[in-house]
2 protein chains.
Amino acid sequence: MTVSRTMSGGRNVRPEVQVRVRAAADQLGYRPNQSARNTRLRRPTGLIGVAVTNLGNPYYGQFALGIEDVAAQNGRHILIGNTREDPSRERELLDDFAGRQVEGLIIVPAGNGLSVLGEGQVTSSMPLVLATRAVQGVRSDTVLVDDVGGAVAGTTALIDDGHSRVAFLGDISGIPTARRRFEGFNSALDARGLGFDESLLYSVRDADSALQAVAGSLGGHNPPTAFFSTNNRTTVGALRAVWNHRRNHPGLEVPAIASFDDVELADLLDVPLTVMSHDPRALGAQAARMLFERLAGDAPSEPRTISMPVTVQRY
Amino acid sequence: MTVSRTMSGGRNVRPEVQVRVRAAADQLGYRPNQSARNTRLRRPTGLIGVAVTNLGNPYYGQFALGIEDVAAQNGRHILIGNTREDPSRERELLDDFAGRQVEGLIIVPAGNGLSVLGEGQVTSSMPLVLATRAVQGVRSDTVLVDDVGGAVAGTTALIDDGHSRVAFLGDISGIPTARRRFEGFNSALDARGLGFDESLLYSVRDADSALQAVAGSLGGHNPPTAFFSTNNRTTVGALRAVWNHRRNHPGLEVPAIASFDDVELADLLDVPLTVMSHDPRALGAQAARMLFERLAGDAPSEPRTISMPVTVQRY
DNA sequence: AGGGCACACGATCACGTTACCAAGCGGGGC
DNA sequence: GCCCCGCTTGGTAACGTGATCGTGTGCCCT
């Protein structure tokens, strides 16, 4: 008990004894065992479980950074996992997180609406914040991006530039975010009395496939004059394809791109670019703040949904 | 005990009983408590502690992804922390990791050579792999990047292009990696009988300060004709500055950049660019493999150091 | 019938920690 | 001198789990 007291502040332990205890601890390499501590105390573990769909995407790096910042301020650590958009991997992670007694979860649900969160097993047992995507049937705090509004604004900007034939790059069957952006895209076309040519819908998910799709599209007959790209990965591919096209066909009008998500250096490329951007780090921080508010009991019992603003910039 | 047996495979439990146990578990939302399990078993926790210096840098996102991949293959999870190059934050993280009984550590030591790893407290108690930077006095598995060789090759390429006045962008006092790259840079100059003008050493650490430095340098008298940039952050700043410079001074020779680390889309910018690149994801995966080899007892007792190759590309 | 054996299941304890309680000691007020 | 109080210190139990062992049951072989 004297050791325990010493290690946790030393209240009611003679200073001289504390010195001896600490010296012995140093010499033996003793460190309090958090696992044991947690079993005894049923005290929070100080861990937050975070699951993202693609850790390698700089977007989620910034997102994780935002969470880490806020977590550190609150004396918590983050346990991070990568779902690769795979629901079964998501389930593994959630089970593991639950077993490790994390205090709360911040999850970017895996694609397809097949997220296992819908089953509500984990959900009910601990605070959860969903990020960037909602899941049907799950009532929890959620931080979304204004996908529809952003897509409307970006698409409208394209139309105002005279584009009436716009292709869409994104996996609307697999990724809910892409679906909502498609919604905004479509309603902006509608609002201006333009239809969408279904043959210009390219279901791509990464930079390479987007590059192929755009190159093919520009090489076909009656090519679009602009591309709507749903995320930073597809934008990189589209930019490369358009850049190649410009090089190979000097003098021709350069196709425009509207990109959801910013891409570093894209503003220097001299490709007509409309960026619908938001700050993933702020999004992560917001999600973390909501989680900690709930943990502290400062949140209303009703789940809250916050939508992060999307700004449109032209390059 | 019947519950315990059921939850861990169900050996020697009647199927009918197993069904009842699982039903009850589902209904109660019961999940085995990992903390308790760990105390009882002194069994590994399945956790790997990872500390990086800047989670927001896409470089470390890829690095973490490489670790996560290998960790998942080995049934482990990663606990990730951001040191922000701050040794005291590094200490906090390491103490916390140790207390949580992580099985091993993969650490990018915080800058300044002040990494607390030098004190050897944590080091001795569990397997450790250092990544990208070594720490004086610490004998452990290490995965480095061929900083010196890469810098020599990149610098030599610049010289072969006719550049003799090259500025250096990087924080050589704060970041060991920058120091080694500076070493290679210098020895390449030496080898060709060129000296380095100390006034062209810019101690910058992020994109903004690099942009300022390059802009100032190009605006001064007797400006350099090329810049050696130590990492992807400083390269982004340098590219922007050079790009602005080209726009404002059309017709003038465009300054060249040699960049350690690749930057997405930089190849499209029409700025003479030499990239000394390596794959951070492979680096992370390598570090993780070394750690798991050691955990499995398959590693020689002598610490190993692996150097990841650096390739030079021209754009 | 008796012995042996495989299987099913629960009682007990230990893992490292801390809450709680009890005991010892010294000082101050009466 | 006595009592009470506060500080210090250690004994004990309990957190949720699983290893070990003992007990009970049913089956097969002789």
# chains A, B, ... in the order shown; residues from 1 in each chain; ligands from 1
$ interface_residues --of "chain B" --to "chain A" --cutoff "6 Å" --atoms "only C-alpha atoms" --output "PyMOL selection string"
chain B and resi 31-36+39+55-56+58+61-62+65+79+99-100
$ write_last_selection --atoms "all heavy atoms" --output "mmCIF file, in the first residue's frame"
data_model
loop_
_atom_site.group_PDB
_atom_site.id
_atom_site.type_symbol
_atom_site.label_atom_id
_atom_site.label_comp_id
_atom_site.auth_asym_id
_atom_site.auth_seq_id
_atom_site.Cartn_x
_atom_site.Cartn_y
_atom_site.Cartn_z
ATOM 1 N N ARG B 31 -18.651 -8.686 -22.712
ATOM 2 C CA ARG B 31 -17.432 -8.892 -23.485
ATOM 3 C C ARG B 31 -16.304 -9.163 -22.532
ATOM 4 O O ARG B 31 -16.171 -8.492 -21.518
ATOM 5 C CB ARG B 31 -17.085 -7.644 -24.291
ATOM 6 C CG ARG B 31 -18.046 -7.420 -25.397
ATOM 7 C CD ARG B 31 -17.872 -6.070 -26.020
ATOM 8 N NE ARG B 31 -18.966 -5.868 -26.961
ATOM 9 C CZ ARG B 31 -18.924 -6.258 -28.222
ATOM 10 N NH1 ARG B 31 -17.850 -6.847 -28.702
ATOM 11 N NH2 ARG B 31 -19.951 -6.043 -29.010
ATOM 12 N N PRO B 32 -15.471 -10.138 -22.860
ATOM 13 C CA PRO B 32 -14.366 -10.462 -21.963
ATOM 14 C C PRO B 32 -13.518 -9.212 -21.711
ATOM 15 O O PRO B 32 -13.271 -8.441 -22.625
ATOM 16 C CB PRO B 32 -13.551 -11.503 -22.746
ATOM 17 C CG PRO B 32 -14.447 -12.002 -23.810
ATOM 18 C CD PRO B 32 -15.490 -10.960 -24.061
ATOM 19 N N ASN B 33 -13.128 -9.031 -20.505
ATOM 20 C CA ASN B 33 -12.333 -7.873 -20.126
ATOM 21 C C ASN B 33 -10.845 -8.162 -20.327
ATOM 22 O O ASN B 33 -10.239 -8.932 -19.595
ATOM 23 C CB ASN B 33 -12.620 -7.543 -18.659
ATOM 24 C CG ASN B 33 -11.847 -6.336 -18.202
ATOM 25 O OD1 ASN B 33 -10.724 -6.104 -18.617
ATOM 26 N ND2 ASN B 33 -12.462 -5.551 -17.348
ATOM 27 N N GLN B 34 -10.310 -7.511 -21.371
ATOM 28 C CA GLN B 34 -8.914 -7.755 -21.716
ATOM 29 C C GLN B 34 -7.954 -7.413 -20.581
ATOM 30 O O GLN B 34 -6.927 -8.065 -20.404
ATOM 31 C CB GLN B 34 -8.515 -6.942 -22.947
ATOM 32 C CG GLN B 34 -8.936 -7.567 -24.256
ATOM 33 C CD GLN B 34 -8.195 -8.864 -24.527
ATOM 34 O OE1 GLN B 34 -7.120 -9.088 -23.983
ATOM 35 N NE2 GLN B 34 -8.767 -9.720 -25.348
ATOM 36 N N SER B 35 -8.271 -6.371 -19.850
ATOM 37 C CA SER B 35 -7.369 -5.967 -18.772
ATOM 38 C C SER B 35 -7.237 -7.101 -17.757
ATOM 39 O O SER B 35 -6.137 -7.474 -17.356
ATOM 40 C CB SER B 35 -7.893 -4.719 -18.073
ATOM 41 O OG SER B 35 -7.764 -3.603 -18.930
ATOM 42 N N ALA B 36 -8.372 -7.621 -17.380
ATOM 43 C CA ALA B 36 -8.359 -8.699 -16.393
ATOM 44 C C ALA B 36 -7.639 -9.917 -16.952
ATOM 45 O O ALA B 36 -6.819 -10.546 -16.280
ATOM 46 C CB ALA B 36 -9.780 -9.076 -16.019
ATOM 47 N N THR B 39 -3.920 -9.423 -16.693
ATOM 48 C CA THR B 39 -3.316 -9.553 -15.365
ATOM 49 C C THR B 39 -3.205 -11.022 -14.999
ATOM 50 O O THR B 39 -2.181 -11.468 -14.525
ATOM 51 C CB THR B 39 -4.128 -8.866 -14.258
ATOM 52 O OG1 THR B 39 -5.426 -9.420 -14.248
ATOM 53 C CG2 THR B 39 -4.198 -7.380 -14.468
ATOM 54 N N LEU B 55 2.050 13.269 -36.793
ATOM 55 C CA LEU B 55 1.016 12.427 -37.402
ATOM 56 C C LEU B 55 0.387 13.076 -38.625
ATOM 57 O O LEU B 55 -0.081 12.396 -39.526
ATOM 58 C CB LEU B 55 -0.100 12.187 -36.377
ATOM 59 C CG LEU B 55 -0.448 10.777 -35.973
ATOM 60 C CD1 LEU B 55 -1.760 10.783 -35.220
ATOM 61 C CD2 LEU B 55 -0.517 9.853 -37.166
ATOM 62 N N GLY B 56 0.386 14.403 -38.655
ATOM 63 C CA GLY B 56 -0.283 15.100 -39.741
ATOM 64 C C GLY B 56 0.492 15.056 -41.049
ATOM 65 O O GLY B 56 -0.051 15.326 -42.115
ATOM 66 N N PRO B 58 1.837 13.444 -44.199
ATOM 67 C CA PRO B 58 1.439 12.249 -44.958
ATOM 68 C C PRO B 58 2.519 11.169 -44.901
ATOM 69 O O PRO B 58 2.220 9.977 -44.963
ATOM 70 C CB PRO B 58 1.287 12.761 -46.391
ATOM 71 C CG PRO B 58 1.179 14.229 -46.305
ATOM 72 C CD PRO B 58 1.780 14.661 -45.003
ATOM 73 N N GLY B 61 1.747 9.122 -42.046
ATOM 74 C CA GLY B 61 0.522 8.365 -42.303
ATOM 75 C C GLY B 61 0.859 7.071 -43.030
ATOM 76 O O GLY B 61 0.422 5.985 -42.633
ATOM 77 N N GLN B 62 1.675 7.182 -44.068
ATOM 78 C CA GLN B 62 2.108 5.999 -44.807
ATOM 79 C C GLN B 62 2.923 5.074 -43.906
ATOM 80 O O GLN B 62 2.770 3.854 -43.943
ATOM 81 C CB GLN B 62 2.970 6.414 -46.016
ATOM 82 C CG GLN B 62 2.184 7.056 -47.140
ATOM 83 C CD GLN B 62 1.372 6.020 -47.898
ATOM 84 O OE1 GLN B 62 1.765 4.871 -48.026
ATOM 85 N NE2 GLN B 62 0.207 6.429 -48.382
ATOM 86 N N LEU B 65 0.678 3.256 -41.684
ATOM 87 C CA LEU B 65 -0.051 2.252 -42.455
ATOM 88 C C LEU B 65 0.790 0.993 -42.631
ATOM 89 O O LEU B 65 0.290 -0.129 -42.482
ATOM 90 C CB LEU B 65 -0.421 2.829 -43.819
ATOM 91 C CG LEU B 65 -1.219 1.914 -44.743
ATOM 92 C CD1 LEU B 65 -2.543 1.561 -44.099
ATOM 93 C CD2 LEU B 65 -1.445 2.580 -46.094
ATOM 94 N N LEU B 79 -1.040 1.277 -30.792
ATOM 95 C CA LEU B 79 -1.369 2.406 -29.939
ATOM 96 C C LEU B 79 -0.470 3.512 -30.447
ATOM 97 O O LEU B 79 0.759 3.366 -30.425
ATOM 98 C CB LEU B 79 -1.009 2.012 -28.511
ATOM 99 C CG LEU B 79 -1.590 2.716 -27.322
ATOM 100 C CD1 LEU B 79 -3.110 2.711 -27.376
ATOM 101 C CD2 LEU B 79 -1.134 2.004 -26.059
ATOM 102 N N GLY B 99 3.340 1.252 -19.123
ATOM 103 C CA GLY B 99 2.314 0.917 -18.151
ATOM 104 C C GLY B 99 1.205 0.067 -18.754
ATOM 105 O O GLY B 99 0.599 -0.748 -18.070
ATOM 106 N N ARG B 100 0.962 0.261 -20.017
ATOM 107 C CA ARG B 100 -0.095 -0.519 -20.665
ATOM 108 C C ARG B 100 0.403 -1.856 -21.147
ATOM 109 O O ARG B 100 -0.304 -2.563 -21.861
ATOM 110 C CB ARG B 100 -0.676 0.256 -21.846
ATOM 111 C CG ARG B 100 -1.450 1.457 -21.403
ATOM 112 C CD ARG B 100 -2.100 2.172 -22.567
ATOM 113 N NE ARG B 100 -2.536 3.485 -22.143
ATOM 114 C CZ ARG B 100 -3.628 3.715 -21.421
ATOM 115 N NH1 ARG B 100 -4.391 2.719 -21.073
ATOM 116 N NH2 ARG B 100 -3.938 4.942 -21.050
#
$ residues_around --residues "segment 149-151 of chain A" --least-positions-apart "5" --cutoff "9 Å" --atoms "only C-alpha atoms (C1' of nucleotides)" --output "VMD selection string"
chain A and resid 156 180 to 186 188 228 230 258 260 276 to 277 309 to 312
$ residues_around --residues "DA11 of chain C" --least-positions-apart "2" --cutoff "12 Å" --atoms "only C-alpha atoms (C1' of nucleotides)" --output "count of residues only"
7
$ interface_residues --of "chain D" --to "chain A" --cutoff "8 Å" --atoms "only C-alpha atoms (C1' of nucleotides)" --output "PDB file with N, CA and C atoms (P, O5', C5', C4', C3', O3' and C1' of nucleotides), in the first residue's frame"
ATOM      1  P    DC D   7      -3.635  15.225   8.903  1.00  0.00           P
ATOM      2  O5'  DC D   7      -2.361  14.263   8.875  1.00  0.00           O
ATOM      3  C5'  DC D   7      -1.210  14.625   9.622  1.00  0.00           C
ATOM      4  C4'  DC D   7      -0.369  13.397   9.837  1.00  0.00           C
ATOM      5  C3'  DC D   7      -0.058  12.625   8.543  1.00  0.00           C
ATOM      6  O3'  DC D   7       1.352  12.566   8.388  1.00  0.00           O
ATOM      7  C1'  DC D   7      -0.763  11.160  10.279  1.00  0.00           C
ATOM      8  P    DT D   8       1.962  11.944   7.051  1.00  0.00           P
ATOM      9  O5'  DT D   8       2.215  10.433   7.449  1.00  0.00           O
ATOM     10  C5'  DT D   8       3.170  10.134   8.458  1.00  0.00           C
ATOM     11  C4'  DT D   8       3.118   8.661   8.767  1.00  0.00           C
ATOM     12  C3'  DT D   8       3.422   7.745   7.576  1.00  0.00           C
ATOM     13  O3'  DT D   8       4.606   7.022   7.868  1.00  0.00           O
ATOM     14  C1'  DT D   8       1.564   6.972   8.837  1.00  0.00           C
ATOM     15  P    DT D   9       5.308   6.154   6.736  1.00  0.00           P
ATOM     16  O5'  DT D   9       4.589   4.749   6.880  1.00  0.00           O
ATOM     17  C5'  DT D   9       4.770   4.001   8.081  1.00  0.00           C
ATOM     18  C4'  DT D   9       3.833   2.838   8.122  1.00  0.00           C
ATOM     19  C3'  DT D   9       3.835   1.966   6.864  1.00  0.00           C
ATOM     20  O3'  DT D   9       4.623   0.813   7.117  1.00  0.00           O
ATOM     21  C1'  DT D   9       1.661   2.242   7.830  1.00  0.00           C
ATOM     22  P    DG D  10       4.802  -0.315   5.992  1.00  0.00           P
ATOM     23  O5'  DG D  10       3.604  -1.297   6.329  1.00  0.00           O
ATOM     24  C5'  DG D  10       3.580  -1.961   7.582  1.00  0.00           C
ATOM     25  C4'  DG D  10       2.287  -2.729   7.736  1.00  0.00           C
ATOM     26  C3'  DG D  10       2.056  -3.846   6.694  1.00  0.00           C
ATOM     27  O3'  DG D  10       1.478  -4.949   7.361  1.00  0.00           O
ATOM     28  C1'  DG D  10       0.225  -2.388   6.709  1.00  0.00           C
ATOM     29  P    DA D  14     -14.367  -9.700  -0.429  1.00  0.00           P
ATOM     30  O5'  DA D  14     -14.307  -8.978  -1.846  1.00  0.00           O
ATOM     31  C5'  DA D  14     -14.538  -7.582  -1.948  1.00  0.00           C
ATOM     32  C4'  DA D  14     -13.946  -7.116  -3.256  1.00  0.00           C
ATOM     33  C3'  DA D  14     -14.284  -8.041  -4.434  1.00  0.00           C
ATOM     34  O3'  DA D  14     -15.055  -7.309  -5.376  1.00  0.00           O
ATOM     35  C1'  DA D  14     -11.952  -7.502  -4.376  1.00  0.00           C
ATOM     36  P    DC D  15     -15.770  -8.046  -6.557  1.00  0.00           P
ATOM     37  O5'  DC D  15     -15.060  -7.423  -7.843  1.00  0.00           O
ATOM     38  C5'  DC D  15     -14.979  -6.029  -8.060  1.00  0.00           C
ATOM     39  C4'  DC D  15     -13.926  -5.769  -9.095  1.00  0.00           C
ATOM     40  C3'  DC D  15     -13.951  -6.785 -10.251  1.00  0.00           C
ATOM     41  O3'  DC D  15     -14.747  -6.245 -11.301  1.00  0.00           O
ATOM     42  C1'  DC D  15     -11.707  -6.325  -9.490  1.00  0.00           C
ATOM     43  P    DG D  16     -15.896  -7.198 -11.936  1.00  0.00           P
ATOM     44  O5'  DG D  16     -15.070  -8.065 -12.968  1.00  0.00           O
ATOM     45  C5'  DG D  16     -14.453  -7.418 -14.075  1.00  0.00           C
ATOM     46  C4'  DG D  16     -13.592  -8.396 -14.816  1.00  0.00           C
ATOM     47  C3'  DG D  16     -14.328  -9.646 -15.314  1.00  0.00           C
ATOM     48  O3'  DG D  16     -13.866  -9.915 -16.617  1.00  0.00           O
ATOM     49  C1'  DG D  16     -12.514 -10.280 -13.953  1.00  0.00           C
TER      50       DG D  16
END
$ select_by_dssp --residues "segment 101-267 of chain A" --states "strand (DSSP E or B)" --output "VMD selection string"
chain A and resid 104 to 107 128 to 131 141 to 145 166 to 169 201 to 202 226 to 229 256 to 260
$ write_last_selection --atoms "N, CA, C and O atoms" --output "compact mmCIF listing (two decimals), in the first residue's frame"
# COMPACT_ATOMS: atom_id res chain seq x y z
N GLY A 104 -14.35 5.35 -25.28
CA GLY A 104 -15.25 5.81 -26.31
C GLY A 104 -14.67 5.51 -27.68
O GLY A 104 -13.52 5.08 -27.79
N LEU A 105 -15.50 5.72 -28.68
CA LEU A 105 -15.09 5.37 -30.04
C LEU A 105 -15.30 6.54 -30.99
O LEU A 105 -16.29 7.27 -30.88
N ILE A 106 -14.36 6.70 -31.88
CA ILE A 106 -14.57 7.61 -33.01
C ILE A 106 -14.36 6.77 -34.26
O ILE A 106 -13.27 6.24 -34.48
N ILE A 107 -15.41 6.64 -35.02
CA ILE A 107 -15.38 5.68 -36.13
C ILE A 107 -15.76 6.34 -37.45
O ILE A 107 -16.74 7.09 -37.52
N LEU A 128 -20.08 6.91 -28.65
CA LEU A 128 -19.60 6.71 -30.01
C LEU A 128 -19.81 8.01 -30.79
O LEU A 128 -20.83 8.66 -30.67
N VAL A 129 -18.82 8.36 -31.56
CA VAL A 129 -19.00 9.47 -32.49
C VAL A 129 -18.68 8.96 -33.88
O VAL A 129 -17.62 8.38 -34.11
N LEU A 130 -19.62 9.14 -34.77
CA LEU A 130 -19.37 8.78 -36.16
C LEU A 130 -18.78 9.98 -36.88
O LEU A 130 -19.18 11.11 -36.63
N ALA A 131 -17.86 9.71 -37.78
CA ALA A 131 -17.24 10.81 -38.51
C ALA A 131 -17.37 10.62 -40.00
O ALA A 131 -17.17 9.52 -40.51
N ASP A 141 -23.83 10.61 -31.73
CA ASP A 141 -23.23 11.86 -32.16
C ASP A 141 -22.53 11.64 -33.49
O ASP A 141 -21.91 10.60 -33.72
N THR A 142 -22.65 12.59 -34.35
CA THR A 142 -22.10 12.44 -35.70
C THR A 142 -21.51 13.76 -36.17
O THR A 142 -22.07 14.82 -35.93
N VAL A 143 -20.35 13.68 -36.77
CA VAL A 143 -19.78 14.87 -37.41
C VAL A 143 -19.72 14.58 -38.90
O VAL A 143 -19.01 13.70 -39.35
N LEU A 144 -20.49 15.33 -39.63
CA LEU A 144 -20.51 15.13 -41.07
C LEU A 144 -19.83 16.29 -41.75
O LEU A 144 -19.48 17.30 -41.14
N VAL A 145 -19.68 16.13 -43.02
CA VAL A 145 -19.22 17.23 -43.85
C VAL A 145 -20.42 17.64 -44.67
O VAL A 145 -21.25 16.80 -45.01
N VAL A 166 -20.72 17.34 -67.63
CA VAL A 166 -19.77 17.10 -66.55
C VAL A 166 -19.79 15.63 -66.16
O VAL A 166 -20.86 15.06 -65.95
N ALA A 167 -18.62 15.02 -66.11
CA ALA A 167 -18.52 13.62 -65.68
C ALA A 167 -18.40 13.54 -64.17
O ALA A 167 -18.00 14.52 -63.52
N PHE A 168 -18.75 12.40 -63.62
CA PHE A 168 -18.67 12.22 -62.17
C PHE A 168 -17.73 11.06 -61.84
O PHE A 168 -17.89 9.96 -62.38
N LEU A 169 -16.78 11.31 -60.97
CA LEU A 169 -15.80 10.30 -60.58
C LEU A 169 -16.00 9.91 -59.12
O LEU A 169 -15.73 10.72 -58.23
N LEU A 201 -20.78 8.52 -65.67
CA LEU A 201 -20.58 8.16 -64.27
C LEU A 201 -19.47 7.10 -64.19
O LEU A 201 -19.61 6.00 -64.70
N TYR A 202 -18.38 7.47 -63.57
CA TYR A 202 -17.26 6.54 -63.48
C TYR A 202 -17.09 6.08 -62.03
O TYR A 202 -16.82 6.90 -61.14
N ALA A 226 -15.80 18.88 -68.23
CA ALA A 226 -15.38 19.01 -66.84
C ALA A 226 -15.64 17.71 -66.09
O ALA A 226 -16.44 16.88 -66.52
N PHE A 227 -14.93 17.56 -64.97
CA PHE A 227 -15.05 16.36 -64.13
C PHE A 227 -15.32 16.76 -62.69
O PHE A 227 -14.68 17.66 -62.16
N PHE A 228 -16.27 16.07 -62.09
CA PHE A 228 -16.50 16.24 -60.66
C PHE A 228 -15.83 15.06 -59.95
O PHE A 228 -16.18 13.91 -60.21
N SER A 229 -14.90 15.36 -59.06
CA SER A 229 -14.14 14.30 -58.41
C SER A 229 -14.49 14.26 -56.93
O SER A 229 -14.49 15.29 -56.25
N ALA A 256 -11.95 21.11 -67.09
CA ALA A 256 -11.95 21.61 -65.70
C ALA A 256 -12.21 20.46 -64.73
O ALA A 256 -12.76 19.42 -65.10
N ILE A 257 -11.79 20.67 -63.50
CA ILE A 257 -12.04 19.69 -62.46
C ILE A 257 -12.65 20.39 -61.25
O ILE A 257 -12.19 21.47 -60.86
N ALA A 258 -13.67 19.78 -60.72
CA ALA A 258 -14.17 20.22 -59.42
C ALA A 258 -13.84 19.11 -58.44
O ALA A 258 -14.21 17.96 -58.65
N SER A 259 -13.09 19.45 -57.41
CA SER A 259 -12.60 18.42 -56.49
C SER A 259 -13.15 18.59 -55.09
O SER A 259 -13.03 19.66 -54.49
N PHE A 260 -13.76 17.53 -54.60
CA PHE A 260 -14.09 17.55 -53.17
C PHE A 260 -12.83 17.13 -52.44
O PHE A 260 -12.24 16.10 -52.75
$ select_by_dssp --residues "segment 35-280 of chain A" --states "alpha helix (DSSP H)" --output "VMD selection string"
chain A and resid 35 to 41 58 to 73 87 to 99 147 to 160 176 to 191 207 to 219 232 to 248 280
$ interface_residues --of "chain C" --to "chain A" --cutoff "10 Å" --atoms "only C-alpha atoms (C1' of nucleotides)" --output "list in words"
DC15, DG16, DT17, DT18 and DA19 of chain C
$ residues_around --residues "DT25 of chain D" --least-positions-apart "6" --cutoff "12 Å" --atoms "only C-alpha atoms (C1' of nucleotides)" --output "list of chain:residue names"
C:DC5, C:DA6, C:DC7, C:DA8, C:DC9
$ write_last_selection --atoms "N, CA and C atoms (P, O5', C5', C4', C3', O3' and C1' of nucleotides)" --output "PDB file, in the first residue's frame"
ATOM      1  P    DC C   5      -6.736 -46.009 -17.585  1.00  0.00           P
ATOM      2  O5'  DC C   5      -7.559 -45.233 -18.693  1.00  0.00           O
ATOM      3  C5'  DC C   5      -8.494 -45.929 -19.524  1.00  0.00           C
ATOM      4  C4'  DC C   5      -9.489 -44.929 -20.094  1.00  0.00           C
ATOM      5  C3'  DC C   5      -8.993 -43.475 -20.070  1.00  0.00           C
ATOM      6  O3'  DC C   5      -9.229 -42.890 -21.326  1.00  0.00           O
ATOM      7  C1'  DC C   5     -11.118 -43.624 -19.074  1.00  0.00           C
ATOM      8  P    DA C   6      -8.432 -41.533 -21.752  1.00  0.00           P
ATOM      9  O5'  DA C   6      -9.594 -40.714 -22.458  1.00  0.00           O
ATOM     10  C5'  DA C   6     -10.559 -41.399 -23.256  1.00  0.00           C
ATOM     11  C4'  DA C   6     -11.840 -40.594 -23.262  1.00  0.00           C
ATOM     12  C3'  DA C   6     -11.624 -39.087 -23.376  1.00  0.00           C
ATOM     13  O3'  DA C   6     -12.514 -38.559 -24.345  1.00  0.00           O
ATOM     14  C1'  DA C   6     -12.929 -39.558 -21.459  1.00  0.00           C
ATOM     15  P    DC C   7     -12.367 -37.058 -24.869  1.00  0.00           P
ATOM     16  O5'  DC C   7     -13.565 -36.318 -24.133  1.00  0.00           O
ATOM     17  C5'  DC C   7     -14.875 -36.882 -24.240  1.00  0.00           C
ATOM     18  C4'  DC C   7     -15.715 -36.343 -23.110  1.00  0.00           C
ATOM     19  C3'  DC C   7     -15.777 -34.819 -23.022  1.00  0.00           C
ATOM     20  O3'  DC C   7     -17.106 -34.428 -23.300  1.00  0.00           O
ATOM     21  C1'  DC C   7     -15.580 -35.837 -20.890  1.00  0.00           C
ATOM     22  P    DA C   8     -17.478 -32.874 -23.472  1.00  0.00           P
ATOM     23  O5'  DA C   8     -18.069 -32.522 -22.046  1.00  0.00           O
ATOM     24  C5'  DA C   8     -19.229 -33.210 -21.595  1.00  0.00           C
ATOM     25  C4'  DA C   8     -19.611 -32.677 -20.231  1.00  0.00           C
ATOM     26  C3'  DA C   8     -19.661 -31.153 -20.142  1.00  0.00           C
ATOM     27  O3'  DA C   8     -20.908 -30.809 -19.541  1.00  0.00           O
ATOM     28  C1'  DA C   8     -18.259 -32.037 -18.433  1.00  0.00           C
ATOM     29  P    DC C   9     -21.355 -29.264 -19.488  1.00  0.00           P
ATOM     30  O5'  DC C   9     -20.738 -28.814 -18.110  1.00  0.00           O
ATOM     31  C5'  DC C   9     -21.282 -29.347 -16.912  1.00  0.00           C
ATOM     32  C4'  DC C   9     -20.418 -28.958 -15.746  1.00  0.00           C
ATOM     33  C3'  DC C   9     -20.161 -27.455 -15.607  1.00  0.00           C
ATOM     34  O3'  DC C   9     -21.039 -26.971 -14.590  1.00  0.00           O
ATOM     35  C1'  DC C   9     -18.271 -28.811 -15.015  1.00  0.00           C
TER      36       DC C   9
END
